[in-house]
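Raw contents of protein.pdb, PDB, C-alpha atoms:
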```
ATOM      1  CA  MET A   1     -31.566  23.482 156.987
ATOM      2  CA  GLU A   2     -30.990  24.739 160.544
ATOM      3  CA  LYS A   3     -30.380  22.327 163.391
ATOM      4  CA  ILE A   4     -33.550  21.068 165.109
ATOM      5  CA  ASN A   5     -33.339  21.230 168.899
ATOM      6  CA  ILE A   6     -35.518  18.592 170.554
ATOM      7  CA  ALA A   7     -36.010  18.169 174.297
ATOM      8  CA  VAL A   8     -37.523  15.009 175.767
ATOM      9  CA  ILE A   9     -38.820  15.553 179.309
ATOM     10  CA  GLY A  10     -39.355  12.743 181.799
ATOM     11  CA  GLU A  11     -37.861  10.267 184.224
ATOM     12  CA  CYS A  12     -35.341   7.449 183.958
ATOM     13  CA  MET A  13     -35.216   4.935 186.799
ATOM     14  CA  ILE A  14     -32.952   2.203 188.105
ATOM     15  CA  GLU A  15     -34.394  -1.115 186.920
ATOM     16  CA  LEU A  16     -33.951  -4.367 188.833
ATOM     17  CA  SER A  17     -35.102  -7.643 187.319
ATOM     18  CA  GLY A  18     -34.860 -11.273 188.368
ATOM     19  CA  SER A  19     -35.305 -12.779 191.819
ATOM     20  CA  GLY A  20     -33.311 -13.696 194.876
ATOM     21  CA  GLY A  21     -29.601 -13.097 194.513
ATOM     22  CA  ALA A  22     -29.709 -13.079 190.705
ATOM     23  CA  LEU A  23     -30.915  -9.528 190.250
ATOM     24  CA  LYS A  24     -29.932  -7.725 187.066
ATOM     25  CA  GLN A  25     -29.572  -3.944 187.157
ATOM     26  CA  SER A  26     -30.199  -1.590 184.244
ATOM     27  CA  PHE A  27     -32.025   1.678 183.542
ATOM     28  CA  GLY A  28     -35.499   2.317 182.123
ATOM     29  CA  GLY A  29     -38.157   4.903 181.442
ATOM     30  CA  ASP A  30     -40.734   5.611 178.736
ATOM     31  CA  THR A  31     -39.390   8.979 177.617
ATOM     32  CA  LEU A  32     -35.788   7.827 177.874
ATOM     33  CA  ASN A  33     -36.602   4.958 175.497
ATOM     34  CA  THR A  34     -38.127   7.449 173.071
ATOM     35  CA  ALA A  35     -35.124   9.766 173.363
ATOM     36  CA  VAL A  36     -32.710   6.942 172.531
ATOM     37  CA  TYR A  37     -34.611   5.811 169.446
ATOM     38  CA  LEU A  38     -35.184   9.392 168.354
ATOM     39  CA  ALA A  39     -31.462  10.117 168.605
ATOM     40  CA  ARG A  40     -30.674   6.995 166.598
ATOM     41  CA  ARG A  41     -33.227   7.773 163.868
ATOM     42  CA  MET A  42     -32.104  11.420 163.601
ATOM     43  CA  LYS A  43     -28.396  10.600 163.666
ATOM     44  CA  THR A  44     -27.781  11.473 160.025
ATOM     45  CA  HIS A  45     -29.821  14.672 160.227
ATOM     46  CA  ASP A  46     -28.990  18.003 161.790
ATOM     47  CA  ALA A  47     -30.797  17.460 165.077
ATOM     48  CA  GLU A  48     -29.818  17.661 168.734
ATOM     49  CA  ILE A  49     -31.706  15.509 171.242
ATOM     50  CA  SER A  50     -31.597  16.613 174.886
ATOM     51  CA  TYR A  51     -32.989  14.676 177.839
ATOM     52  CA  ILE A  52     -34.533  16.791 180.582
ATOM     53  CA  THR A  53     -34.894  15.298 184.046
ATOM     54  CA  GLY A  54     -33.641  15.423 187.601
ATOM     55  CA  LEU A  55     -30.895  13.171 188.945
ATOM     56  CA  GLY A  56     -28.723  12.931 192.024
ATOM     57  CA  THR A  57     -24.938  13.128 192.219
ATOM     58  CA  ASP A  58     -24.585   9.420 193.036
ATOM     59  CA  LEU A  59     -22.910   6.671 191.021
ATOM     60  CA  PHE A  60     -26.206   5.468 189.498
ATOM     61  CA  SER A  61     -26.923   8.982 188.226
ATOM     62  CA  ASP A  62     -23.391   9.244 186.828
ATOM     63  CA  ALA A  63     -23.859   5.930 185.014
ATOM     64  CA  MET A  64     -27.139   7.122 183.495
ATOM     65  CA  ILE A  65     -25.505  10.291 182.197
ATOM     66  CA  CYS A  66     -22.677   8.292 180.597
ATOM     67  CA  ALA A  67     -25.104   5.846 178.974
ATOM     68  CA  TRP A  68     -27.184   8.675 177.471
ATOM     69  CA  GLN A  69     -24.118  10.467 176.159
ATOM     70  CA  GLU A  70     -23.038   7.257 174.415
ATOM     71  CA  GLU A  71     -26.357   7.430 172.533
ATOM     72  CA  ASP A  72     -25.576  11.029 171.454
ATOM     73  CA  ILE A  73     -28.187  12.402 173.830
ATOM     74  CA  HIS A  74     -27.254  15.793 175.240
ATOM     75  CA  THR A  75     -27.278  15.934 179.031
ATOM     76  CA  GLU A  76     -26.188  19.487 179.851
ATOM     77  CA  HIS A  77     -29.737  20.376 180.931
ATOM     78  CA  VAL A  78     -30.120  17.482 183.389
ATOM     79  CA  VAL A  79     -30.633  18.958 186.874
ATOM     80  CA  ARG A  80     -28.314  17.323 189.435
ATOM     81  CA  MET A  81     -29.405  17.430 193.097
ATOM     82  CA  PRO A  82     -27.031  16.221 195.847
ATOM     83  CA  SER A  83     -29.959  15.561 198.213
ATOM     84  CA  ARG A  84     -31.888  13.329 195.769
ATOM     85  CA  LEU A  85     -31.571   9.938 194.090
ATOM     86  CA  PRO A  86     -33.106   8.353 190.973
ATOM     87  CA  GLY A  87     -36.268   6.325 191.387
ATOM     88  CA  MET A  88     -36.098   2.532 191.238
ATOM     89  CA  TYR A  89     -38.384  -0.324 190.235
ATOM     90  CA  HIS A  90     -38.258  -4.114 190.278
ATOM     91  CA  ILE A  91     -39.798  -6.382 187.627
ATOM     92  CA  GLU A  92     -41.138  -9.648 189.016
ATOM     93  CA  THR A  93     -42.056 -12.306 186.439
ATOM     94  CA  ASP A  94     -44.240 -15.288 187.375
ATOM     95  CA  ALA A  95     -44.222 -18.804 185.918
ATOM     96  CA  ALA A  96     -46.698 -17.798 183.200
ATOM     97  CA  GLY A  97     -44.484 -14.922 182.050
ATOM     98  CA  GLU A  98     -46.733 -12.218 183.496
ATOM     99  CA  ARG A  99     -44.863  -9.218 184.876
ATOM    100  CA  GLN A 100     -45.503  -7.230 188.039
ATOM    101  CA  PHE A 101     -43.766  -3.934 188.805
ATOM    102  CA  HIS A 102     -42.765  -2.623 192.247
ATOM    103  CA  TYR A 103     -41.767   1.060 192.426
ATOM    104  CA  TRP A 104     -39.675   3.216 194.765
ATOM    105  CA  ARG A 105     -40.065   6.680 193.267
ATOM    106  CA  ALA A 106     -41.927   8.908 195.755
ATOM    107  CA  GLU A 107     -38.780  10.945 196.464
ATOM    108  CA  SER A 108     -37.057  10.539 193.100
ATOM    109  CA  ALA A 109     -35.047  13.475 191.771
ATOM    110  CA  ALA A 110     -37.178  13.662 188.608
ATOM    111  CA  ARG A 111     -40.139  14.851 190.690
ATOM    112  CA  PHE A 112     -38.343  17.928 191.984
ATOM    113  CA  TRP A 113     -36.089  19.360 189.244
ATOM    114  CA  LEU A 114     -38.544  22.160 188.407
ATOM    115  CA  ASP A 115     -38.347  23.427 192.002
ATOM    116  CA  THR A 116     -34.613  24.173 191.909
ATOM    117  CA  GLU A 117     -32.632  27.241 190.871
ATOM    118  CA  GLN A 118     -30.919  25.186 188.172
ATOM    119  CA  GLY A 119     -34.344  24.004 187.049
ATOM    120  CA  ASN A 120     -35.491  27.593 186.599
ATOM    121  CA  ALA A 121     -32.563  28.184 184.256
ATOM    122  CA  VAL A 122     -33.425  25.028 182.290
ATOM    123  CA  CYS A 123     -37.051  26.186 182.001
ATOM    124  CA  HIS A 124     -35.919  29.438 180.443
ATOM    125  CA  LYS A 125     -33.820  27.574 177.865
ATOM    126  CA  LEU A 126     -36.589  25.108 177.019
ATOM    127  CA  GLN A 127     -38.801  27.935 175.821
ATOM    128  CA  ALA A 128     -36.500  28.375 172.809
ATOM    129  CA  PHE A 129     -36.416  24.702 171.726
ATOM    130  CA  ASP A 130     -37.978  23.677 168.424
ATOM    131  CA  VAL A 131     -39.682  20.551 169.809
ATOM    132  CA  LEU A 132     -40.660  19.554 173.356
ATOM    133  CA  TYR A 133     -41.752  15.950 173.973
ATOM    134  CA  VAL A 134     -43.538  14.829 177.140
ATOM    135  CA  SER A 135     -45.572  11.818 178.249
ATOM    136  CA  GLY A 136     -48.431  11.238 180.633
ATOM    137  CA  ILE A 137     -45.956   9.689 183.064
ATOM    138  CA  SER A 138     -43.799  12.824 182.881
ATOM    139  CA  LEU A 139     -46.828  14.816 184.049
ATOM    140  CA  ALA A 140     -48.049  12.304 186.638
ATOM    141  CA  ILE A 141     -44.896  12.355 188.757
ATOM    142  CA  LEU A 142     -44.974  16.159 189.208
ATOM    143  CA  ASP A 143     -46.891  18.117 191.811
ATOM    144  CA  PRO A 144     -49.456  20.685 190.563
ATOM    145  CA  SER A 145     -47.044  23.615 190.940
ATOM    146  CA  SER A 146     -44.358  21.938 188.839
ATOM    147  CA  ARG A 147     -46.911  20.889 186.214
ATOM    148  CA  ASN A 148     -48.101  24.474 185.920
ATOM    149  CA  LYS A 149     -44.520  25.616 185.337
ATOM    150  CA  LEU A 150     -44.241  23.022 182.577
ATOM    151  CA  PHE A 151     -47.481  24.174 180.951
ATOM    152  CA  GLN A 152     -46.196  27.757 180.985
ATOM    153  CA  ILE A 153     -43.056  26.563 179.199
ATOM    154  CA  PHE A 154     -45.188  24.829 176.571
ATOM    155  CA  GLN A 155     -47.262  27.942 175.968
ATOM    156  CA  THR A 156     -44.213  30.184 175.589
ATOM    157  CA  CYS A 157     -42.453  27.669 173.353
ATOM    158  CA  ARG A 158     -45.499  27.467 171.068
ATOM    159  CA  SER A 159     -45.781  31.258 170.917
ATOM    160  CA  ARG A 160     -42.225  31.289 169.564
ATOM    161  CA  GLY A 161     -43.007  28.698 166.898
ATOM    162  CA  GLY A 162     -42.040  25.543 168.794
ATOM    163  CA  LYS A 163     -44.023  22.287 168.682
ATOM    164  CA  ILE A 164     -45.290  20.285 171.657
ATOM    165  CA  ILE A 165     -45.511  16.504 171.327
ATOM    166  CA  PHE A 166     -47.510  14.421 173.814
ATOM    167  CA  ASP A 167     -47.700  10.652 174.364
ATOM    168  CA  ASN A 168     -50.639   9.778 176.621
ATOM    169  CA  ASN A 169     -49.012   6.852 178.554
ATOM    170  CA  PHE A 170     -51.660   6.780 181.267
ATOM    171  CA  ARG A 171     -50.749   4.908 184.478
ATOM    172  CA  PRO A 172     -53.687   5.046 186.959
ATOM    173  CA  ALA A 173     -51.513   4.229 189.995
ATOM    174  CA  LEU A 174     -49.602   7.496 189.563
ATOM    175  CA  TRP A 175     -52.710   9.687 189.909
ATOM    176  CA  SER A 176     -54.768  10.544 192.984
ATOM    177  CA  SER A 177     -57.945   9.939 190.987
ATOM    178  CA  THR A 178     -59.181   9.505 187.445
ATOM    179  CA  PHE A 179     -60.892  12.886 187.738
ATOM    180  CA  ALA A 180     -57.580  14.597 188.577
ATOM    181  CA  ALA A 181     -55.859  12.858 185.674
ATOM    182  CA  ARG A 182     -58.569  13.917 183.230
ATOM    183  CA  GLN A 183     -58.215  17.550 184.297
ATOM    184  CA  VAL A 184     -54.459  17.495 183.646
ATOM    185  CA  TYR A 185     -54.833  15.637 180.354
ATOM    186  CA  ARG A 186     -57.370  18.181 179.106
ATOM    187  CA  GLN A 187     -54.914  20.952 179.938
ATOM    188  CA  MET A 188     -52.116  19.079 178.205
ATOM    189  CA  LEU A 189     -54.148  18.399 175.071
ATOM    190  CA  SER A 190     -54.973  22.106 174.789
ATOM    191  CA  CYS A 191     -51.275  22.913 174.235
ATOM    192  CA  THR A 192     -50.360  19.894 172.091
ATOM    193  CA  ASP A 193     -49.440  20.003 168.391
ATOM    194  CA  MET A 194     -48.936  16.249 167.859
ATOM    195  CA  ALA A 195     -50.468  13.574 170.075
ATOM    196  CA  PHE A 196     -49.605   9.889 170.328
ATOM    197  CA  LEU A 197     -52.608   8.198 171.923
ATOM    198  CA  THR A 198     -52.550   4.527 172.826
ATOM    199  CA  LEU A 199     -56.138   3.373 172.467
ATOM    200  CA  ASP A 200     -56.076   1.090 175.529
ATOM    201  CA  ASP A 201     -54.832   3.985 177.685
ATOM    202  CA  GLU A 202     -57.570   6.236 176.310
ATOM    203  CA  ALA A 203     -60.154   3.652 177.397
ATOM    204  CA  LEU A 204     -58.647   3.490 180.902
ATOM    205  CA  LEU A 205     -58.621   7.254 181.291
ATOM    206  CA  TRP A 206     -61.897   8.281 179.673
ATOM    207  CA  GLY A 207     -63.979   5.160 180.295
ATOM    208  CA  ASN A 208     -64.351   4.067 176.678
ATOM    209  CA  ALA A 209     -62.343   3.321 173.549
ATOM    210  CA  SER A 210     -64.559   5.221 171.129
ATOM    211  CA  LEU A 211     -62.606   6.664 168.216
ATOM    212  CA  ALA A 212     -65.330   9.244 167.700
ATOM    213  CA  ALA A 213     -64.962  10.499 171.283
ATOM    214  CA  LEU A 214     -61.172  10.517 170.966
ATOM    215  CA  GLN A 215     -61.314  12.479 167.739
ATOM    216  CA  SER A 216     -63.802  14.940 169.222
ATOM    217  CA  ARG A 217     -61.551  15.603 172.244
ATOM    218  CA  CYS A 218     -58.555  16.228 170.028
ATOM    219  CA  GLN A 219     -60.457  18.458 167.627
ATOM    220  CA  SER A 220     -61.846  20.501 170.514
ATOM    221  CA  ALA A 221     -58.288  20.921 171.828
ATOM    222  CA  GLY A 222     -57.064  22.056 168.404
ATOM    223  CA  ILE A 223     -54.473  19.299 167.929
ATOM    224  CA  GLY A 224     -53.233  19.273 164.336
ATOM    225  CA  GLU A 225     -51.904  15.701 164.171
ATOM    226  CA  VAL A 226     -53.140  12.707 166.160
ATOM    227  CA  VAL A 227     -51.591   9.236 165.958
ATOM    228  CA  VAL A 228     -53.673   6.451 167.508
ATOM    229  CA  LYS A 229     -51.588   3.435 168.520
ATOM    230  CA  ARG A 230     -53.478   0.133 168.637
ATOM    231  CA  GLY A 231     -50.845  -2.446 169.568
ATOM    232  CA  ASN A 232     -50.247  -4.967 166.810
ATOM    233  CA  ASN A 233     -53.200  -3.619 164.827
ATOM    234  CA  SER A 234     -53.022  -0.819 162.286
ATOM    235  CA  CYS A 235     -52.467   2.706 163.575
ATOM    236  CA  LEU A 236     -54.679   5.636 162.662
ATOM    237  CA  VAL A 237     -53.420   9.131 161.851
ATOM    238  CA  PHE A 238     -55.795  12.115 161.872
ATOM    239  CA  THR A 239     -54.627  15.321 160.158
ATOM    240  CA  ASP A 240     -56.669  18.227 158.787
ATOM    241  CA  GLY A 241     -59.905  16.257 158.851
ATOM    242  CA  GLU A 242     -58.335  13.321 156.991
ATOM    243  CA  MET A 243     -57.657   9.840 158.360
ATOM    244  CA  ALA A 244     -54.928   7.429 157.259
ATOM    245  CA  GLU A 245     -54.900   3.805 158.410
ATOM    246  CA  VAL A 246     -51.493   2.116 158.245
ATOM    247  CA  PRO A 247     -51.159  -1.635 158.879
ATOM    248  CA  ALA A 248     -48.740  -2.899 161.518
ATOM    249  CA  VAL A 249     -45.929  -5.334 160.725
ATOM    250  CA  ARG A 250     -47.221  -8.822 161.428
ATOM    251  CA  LEU A 251     -44.837 -11.186 163.218
ATOM    252  CA  PRO A 252     -45.286 -14.837 164.187
ATOM    253  CA  ALA A 253     -45.902 -15.242 167.919
ATOM    254  CA  SER A 254     -42.590 -17.063 168.280
ATOM    255  CA  ALA A 255     -40.719 -13.946 167.121
ATOM    256  CA  VAL A 256     -42.102 -11.700 169.864
ATOM    257  CA  ILE A 257     -39.638 -11.751 172.764
ATOM    258  CA  ASP A 258     -40.448  -8.629 174.804
ATOM    259  CA  THR A 259     -42.970  -5.870 174.090
ATOM    260  CA  THR A 260     -41.227  -3.373 176.380
ATOM    261  CA  ALA A 261     -40.803   0.007 174.619
ATOM    262  CA  ALA A 262     -42.897  -0.997 171.610
ATOM    263  CA  GLY A 263     -45.015   2.127 171.954
ATOM    264  CA  ASP A 264     -42.062   4.351 172.902
ATOM    265  CA  SER A 265     -40.079   3.290 169.846
ATOM    266  CA  PHE A 266     -43.134   3.678 167.607
ATOM    267  CA  SER A 267     -43.509   7.292 168.714
ATOM    268  CA  ALA A 268     -39.807   7.944 168.143
ATOM    269  CA  GLY A 269     -39.874   6.371 164.694
ATOM    270  CA  TYR A 270     -42.920   8.356 163.625
ATOM    271  CA  LEU A 271     -41.697  11.678 165.006
ATOM    272  CA  ALA A 272     -38.232  11.280 163.495
ATOM    273  CA  ALA A 273     -39.707  10.595 160.064
ATOM    274  CA  ARG A 274     -42.071  13.560 160.282
ATOM    275  CA  LEU A 275     -39.237  15.867 161.323
ATOM    276  CA  ARG A 276     -37.323  14.670 158.260
ATOM    277  CA  GLY A 277     -40.284  15.714 156.094
ATOM    278  CA  ASP A 278     -41.847  12.310 155.361
ATOM    279  CA  THR A 279     -45.600  11.895 154.839
ATOM    280  CA  VAL A 280     -47.808  10.642 157.666
ATOM    281  CA  THR A 281     -48.250   7.301 155.895
ATOM    282  CA  ASP A 282     -44.528   6.750 155.327
ATOM    283  CA  SER A 283     -43.816   7.894 158.885
ATOM    284  CA  ALA A 284     -46.314   5.406 160.298
ATOM    285  CA  ARG A 285     -44.794   2.601 158.240
ATOM    286  CA  GLN A 286     -41.341   3.422 159.609
ATOM    287  CA  ALA A 287     -42.762   3.583 163.132
ATOM    288  CA  HIS A 288     -44.355   0.143 162.789
ATOM    289  CA  ARG A 289     -41.124  -1.238 161.372
ATOM    290  CA  LEU A 290     -39.057   0.045 164.297
ATOM    291  CA  ALA A 291     -41.544  -1.170 166.912
ATOM    292  CA  SER A 292     -41.700  -4.616 165.298
ATOM    293  CA  LEU A 293     -37.908  -4.825 165.529
ATOM    294  CA  VAL A 294     -37.797  -3.748 169.173
ATOM    295  CA  ILE A 295     -40.183  -6.481 170.326
ATOM    296  CA  GLN A 296     -37.903  -9.149 168.863
ATOM    297  CA  TYR A 297     -35.238  -8.368 171.487
ATOM    298  CA  PRO A 298     -35.248  -8.535 175.291
ATOM    299  CA  GLY A 299     -35.377  -5.227 177.103
ATOM    300  CA  ALA A 300     -36.301  -1.740 175.974
ATOM    301  CA  ILE A 301     -33.226  -0.827 173.926
ATOM    302  CA  VAL A 302     -32.089  -3.064 171.068
ATOM    303  CA  PRO A 303     -28.421  -3.259 170.039
ATOM    304  CA  LEU A 304     -27.353  -0.395 167.833
ATOM    305  CA  THR A 305     -26.267  -2.890 165.184
ATOM    306  CA  ALA A 306     -29.842  -4.173 164.910
ATOM    307  CA  MET A 307     -31.320  -0.793 163.989
ATOM    308  CA  PRO A 308     -32.939  -0.560 160.535
ATOM    309  CA  GLU A 309     -31.276   1.583 157.881
TER     310      GLU A 309
END
```
Please express what this file holds, its structure, as structure tokens.
Amino acid sequence: MEKINIAVIGECMIELSGSGGALKQSFGGDTLNTAVYLARRMKTHDAEISYITGLGTDLFSDAMICAWQEEDIHTEHVVRMPSRLPGMYHIETDAAGERQFHYWRAESAARFWLDTEQGNAVCHKLQAFDVLYVSGISLAILDPSSRNKLFQIFQTCRSRGGKIIFDNNFRPALWSSTFAARQVYRQMLSCTDMAFLTLDDEALLWGNASLAALQSRCQSAGIGEVVVKRGNNSCLVFTDGEMAEVPAVRLPASAVIDTTAAGDSFSAGYLAARLRGDTVTDSARQAHRLASLVIQYPGAIVPLTAMPE
């Protein structure tokens, strides 16, 4: 079997958590989380996972690159821009455990990598990848011109036999309007081969959580495989007019420490299993298993030693 080349496209940010002088610094991002878990789940298979983003040439960017390389993620296609910096966010947690996020990302390097000469070279290479993975957040941070470049890459990649994977991850604050977001999502769905759709995000974007409406949108777009994520409830997988419902792993409330990256790891677990040739049902079971493990640890990335066999 030939090596599978997978590119995950998105943004990783500097994460600050805590309050006052006790701030803890780490890195975070939806697609980065997926890339890490995908690399871990594909480790024993002939696959190469690349992360595609824009970074600066600062110490934070250097640290990100080193951390990704330690996870066996390839970074040669990361666009480095001396005039830019990574985005940053702060997590504020109140007495009841509710979290609030504050972002500094308007000028982040990840928004501009497609506009550079190096970015043009990366675009050309992406067209030949076997799998391209992108999220709704990846699309939201780009201006219309950059998004159009990305859609052109997707179309060319598909024409060469590549597969486009999309995770909806809808964040209203990143869009100028719901109408604008819907237009972009329709365009994205029309060039998607496998979609991961979180049901709550679908309700936010389209105004309802109707499975019939969701299925109709995906069928109209010609998507061959749709995975509907429903939190700690069973997931639904639609393929070729068939539906499979796969129960989630049930945990006692006391075992749930942090739900960060639950959906990201689920997508990685499912995609990795499908790329290895597993059935949709077995893939969904593995995805649930990985997500249930992730939420038993603080933070987005669990220790490597805790990963399931």
Kindly assemble as a Markdown table a list of the region 111-157 of chain A residues that lie within 12 Å of region 249-264 of chain A, each paired with its nearest atom pair and their distance in Å to one decimal, using only C-alpha atoms, sorted first by chain and then by ascending residue number.
```
| residue | atom | partner | partner_atom | distance |
| --- | --- | --- | --- | --- |
| A:Tyr133 | CA | A:Asp264 | CA | 11.7 |
| A:Val134 | CA | A:Asp264 | CA | 11.4 |
| A:Ser135 | CA | A:Asp264 | CA | 9.8 |
```
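Each of A:Ala273, A:Val246, A:Thr57, A:Arg217 was compared to Thr44 (chain A) using only C-alpha atoms, and A:Ala273 turns out to be the nearest.
Nearest residue to Lys3 (chain A) among A:Ile65, A:Leu275, A:Val280, A:Leu59 is A:Leu275, counting only C-alpha atoms.
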note = The residue from A:Asp30, A:Glu92, A:Asp200, A:Asp282 with the smallest atom-to-atom distance to Gly269 (chain A), counting all atoms listed in the file, is A:Asp282
task = Counting only C-alpha atoms, figure out which residue out of A:Ser17, A:Lys43, A:Ser108, A:Leu189 gets nearest to Leu55 (chain A).
result = A:Ser108
key: Near-Lys163 (chain A) list (12 Å; all atoms listed in the file; drop same-chain fewer than 6 positions) as a PyMOL selection string   = chain A and resi 4-7+126-134+153-157+191-195+223-225+271+275
ask   = Which residues match the PyMOL selection byres ((chain A and resi 16) around 10) in the file above, as a PyMOL selection string?
value = chain A and resi 13-15+17-19+22-28+88-92+101-102
request  = Mind giving me the straight-line distance from CA of Asn233 (chain A) to CA of Ala300 (chain A) in Å, one decimal?
outcome  = 20.3 Å
request  = Run through the PyMOL selection byres ((chain A and resi 34) around 7) on the given coordinates and return the selected residues as a ChimeraX atom specification.
outcome  = /A:30-33,35-38,264-265,267-268
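Distances from A:Trp206, A:Arg289, A:Arg186, A:Gly87 to Gln219 (chain A) were compared using all atoms listed in the file, and the smallest one belongs to A:Arg186.
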task = Quick one: pull the distance between CA of Leu174 (chain A) and CA of Tyr103 (chain A), Å, one decimal.
result = 10.5 Å
message = To test your reading of the syntax: which residues would the PyMOL selection byres ((chain A and resi 67) around 12) return for the file shown? Reply as a ChimeraX atom specification.
response = /A:12,26-28,32,36,51,60-66,68-75,301
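Using all atoms listed in the file, the smallest distance between any of A:Met243, A:Ala203, A:Leu150, A:Leu142 and Phe170 (chain A) comes from A:Ala203.
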Shell around Val226 (chain A) at 8 Å using all atoms listed in the file, local window under 4 positions removed, as a PyMOL selection string = chain A and resi 194-197+218+237-239
Selection file, C-alpha atoms, as a PDB file, in the frame of the given file:
```pdb
ATOM      1  CA  MET A 194     -48.936  16.249 167.859  1.00  0.00           C
ATOM      2  CA  ALA A 195     -50.468  13.574 170.075  1.00  0.00           C
ATOM      3  CA  PHE A 196     -49.605   9.889 170.328  1.00  0.00           C
ATOM      4  CA  LEU A 197     -52.608   8.198 171.923  1.00  0.00           C
ATOM      5  CA  CYS A 218     -58.555  16.228 170.028  1.00  0.00           C
ATOM      6  CA  VAL A 237     -53.420   9.131 161.851  1.00  0.00           C
ATOM      7  CA  PHE A 238     -55.795  12.115 161.872  1.00  0.00           C
ATOM      8  CA  THR A 239     -54.627  15.321 160.158  1.00  0.00           C
TER       9      THR A 239
END
```
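Look at everything within 7 Å of (-31.3, 15.2, 186.2) using all atoms listed in the file, and the residues you get are Ile52, Thr53, Gly54, Leu55, Gly56, Val78, Val79, Arg80, Ala109 and Ala110 of chain A.
CA of Ala140 (chain A) to CA of Asp201 (chain A) spans 14.0 Å [interatomic distance, one decimal].
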inquiry  = Give me the residues near Trp175 (chain A) as a PyMOL selection string, where near means some atom within 12 Å (using only C-alpha atoms) and where sequence neighbours in that chain fewer than 3 positions away do not count.
reply    = chain A and resi 136-144+170-172+178-185+205
Return the padded bounding box of region 160-163 of chain A as JSON: axis-aligned, built from all atoms listed in the file, 3 Å added on each side, with centre and edge lengths in Å to one decimal.
```
{"center_x": -43.0, "center_y": 26.8, "center_z": 168.2, "size_x": 8.0, "size_y": 15.0, "size_z": 8.7}
```
Expected residue set, 12 Å radius at (-34.3, 23.9, 193.7), all atoms listed in the file, as a VMD selection string = chain A and resid 54 79 to 84 109 to 122 146
Would you mind putting all heavy atoms back on region 189-193 of chain A and writing the result as a PDB file, keeping the file's coordinate frame?
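Final output, saved to part32.pdb:
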```
ATOM      1  N   LEU A 189     -53.680  18.475 176.454  1.00  0.00           N
ATOM      2  CA  LEU A 189     -54.148  18.399 175.071  1.00  0.00           C
ATOM      3  C   LEU A 189     -54.344  19.785 174.464  1.00  0.00           C
ATOM      4  O   LEU A 189     -54.134  19.978 173.264  1.00  0.00           O
ATOM      5  CB  LEU A 189     -55.454  17.608 174.998  1.00  0.00           C
ATOM      6  CG  LEU A 189     -55.364  16.102 175.309  1.00  0.00           C
ATOM      7  CD1 LEU A 189     -56.756  15.485 175.337  1.00  0.00           C
ATOM      8  CD2 LEU A 189     -54.464  15.378 174.316  1.00  0.00           C
ATOM      9  N   SER A 190     -54.713  20.760 175.299  1.00  0.00           N
ATOM     10  CA  SER A 190     -54.973  22.106 174.789  1.00  0.00           C
ATOM     11  C   SER A 190     -53.704  22.819 174.328  1.00  0.00           C
ATOM     12  O   SER A 190     -53.795  23.836 173.644  1.00  0.00           O
ATOM     13  CB  SER A 190     -55.675  22.946 175.860  1.00  0.00           C
ATOM     14  OG  SER A 190     -54.782  23.262 176.913  1.00  0.00           O
ATOM     15  N   CYS A 191     -52.526  22.292 174.693  1.00  0.00           N
ATOM     16  CA  CYS A 191     -51.275  22.913 174.235  1.00  0.00           C
ATOM     17  C   CYS A 191     -50.408  21.919 173.466  1.00  0.00           C
ATOM     18  O   CYS A 191     -49.183  22.033 173.438  1.00  0.00           O
ATOM     19  CB  CYS A 191     -50.507  23.531 175.400  1.00  0.00           C
ATOM     20  SG  CYS A 191     -50.070  22.416 176.732  1.00  0.00           S
ATOM     21  N   THR A 192     -51.062  20.939 172.836  1.00  0.00           N
ATOM     22  CA  THR A 192     -50.360  19.894 172.091  1.00  0.00           C
ATOM     23  C   THR A 192     -50.512  20.098 170.587  1.00  0.00           C
ATOM     24  O   THR A 192     -51.604  20.391 170.101  1.00  0.00           O
ATOM     25  CB  THR A 192     -50.901  18.500 172.482  1.00  0.00           C
ATOM     26  OG1 THR A 192     -50.583  18.234 173.853  1.00  0.00           O
ATOM     27  CG2 THR A 192     -50.316  17.404 171.608  1.00  0.00           C
ATOM     28  N   ASP A 193     -49.405  19.922 169.850  1.00  0.00           N
ATOM     29  CA  ASP A 193     -49.440  20.003 168.391  1.00  0.00           C
ATOM     30  C   ASP A 193     -49.526  18.623 167.740  1.00  0.00           C
ATOM     31  O   ASP A 193     -50.150  18.465 166.698  1.00  0.00           O
ATOM     32  CB  ASP A 193     -48.179  20.720 167.883  1.00  0.00           C
ATOM     33  CG  ASP A 193     -48.128  22.165 168.340  1.00  0.00           C
ATOM     34  OD1 ASP A 193     -48.904  22.971 167.806  1.00  0.00           O
ATOM     35  OD2 ASP A 193     -47.334  22.480 169.249  1.00  0.00           O
TER      36      ASP A 193
END
```
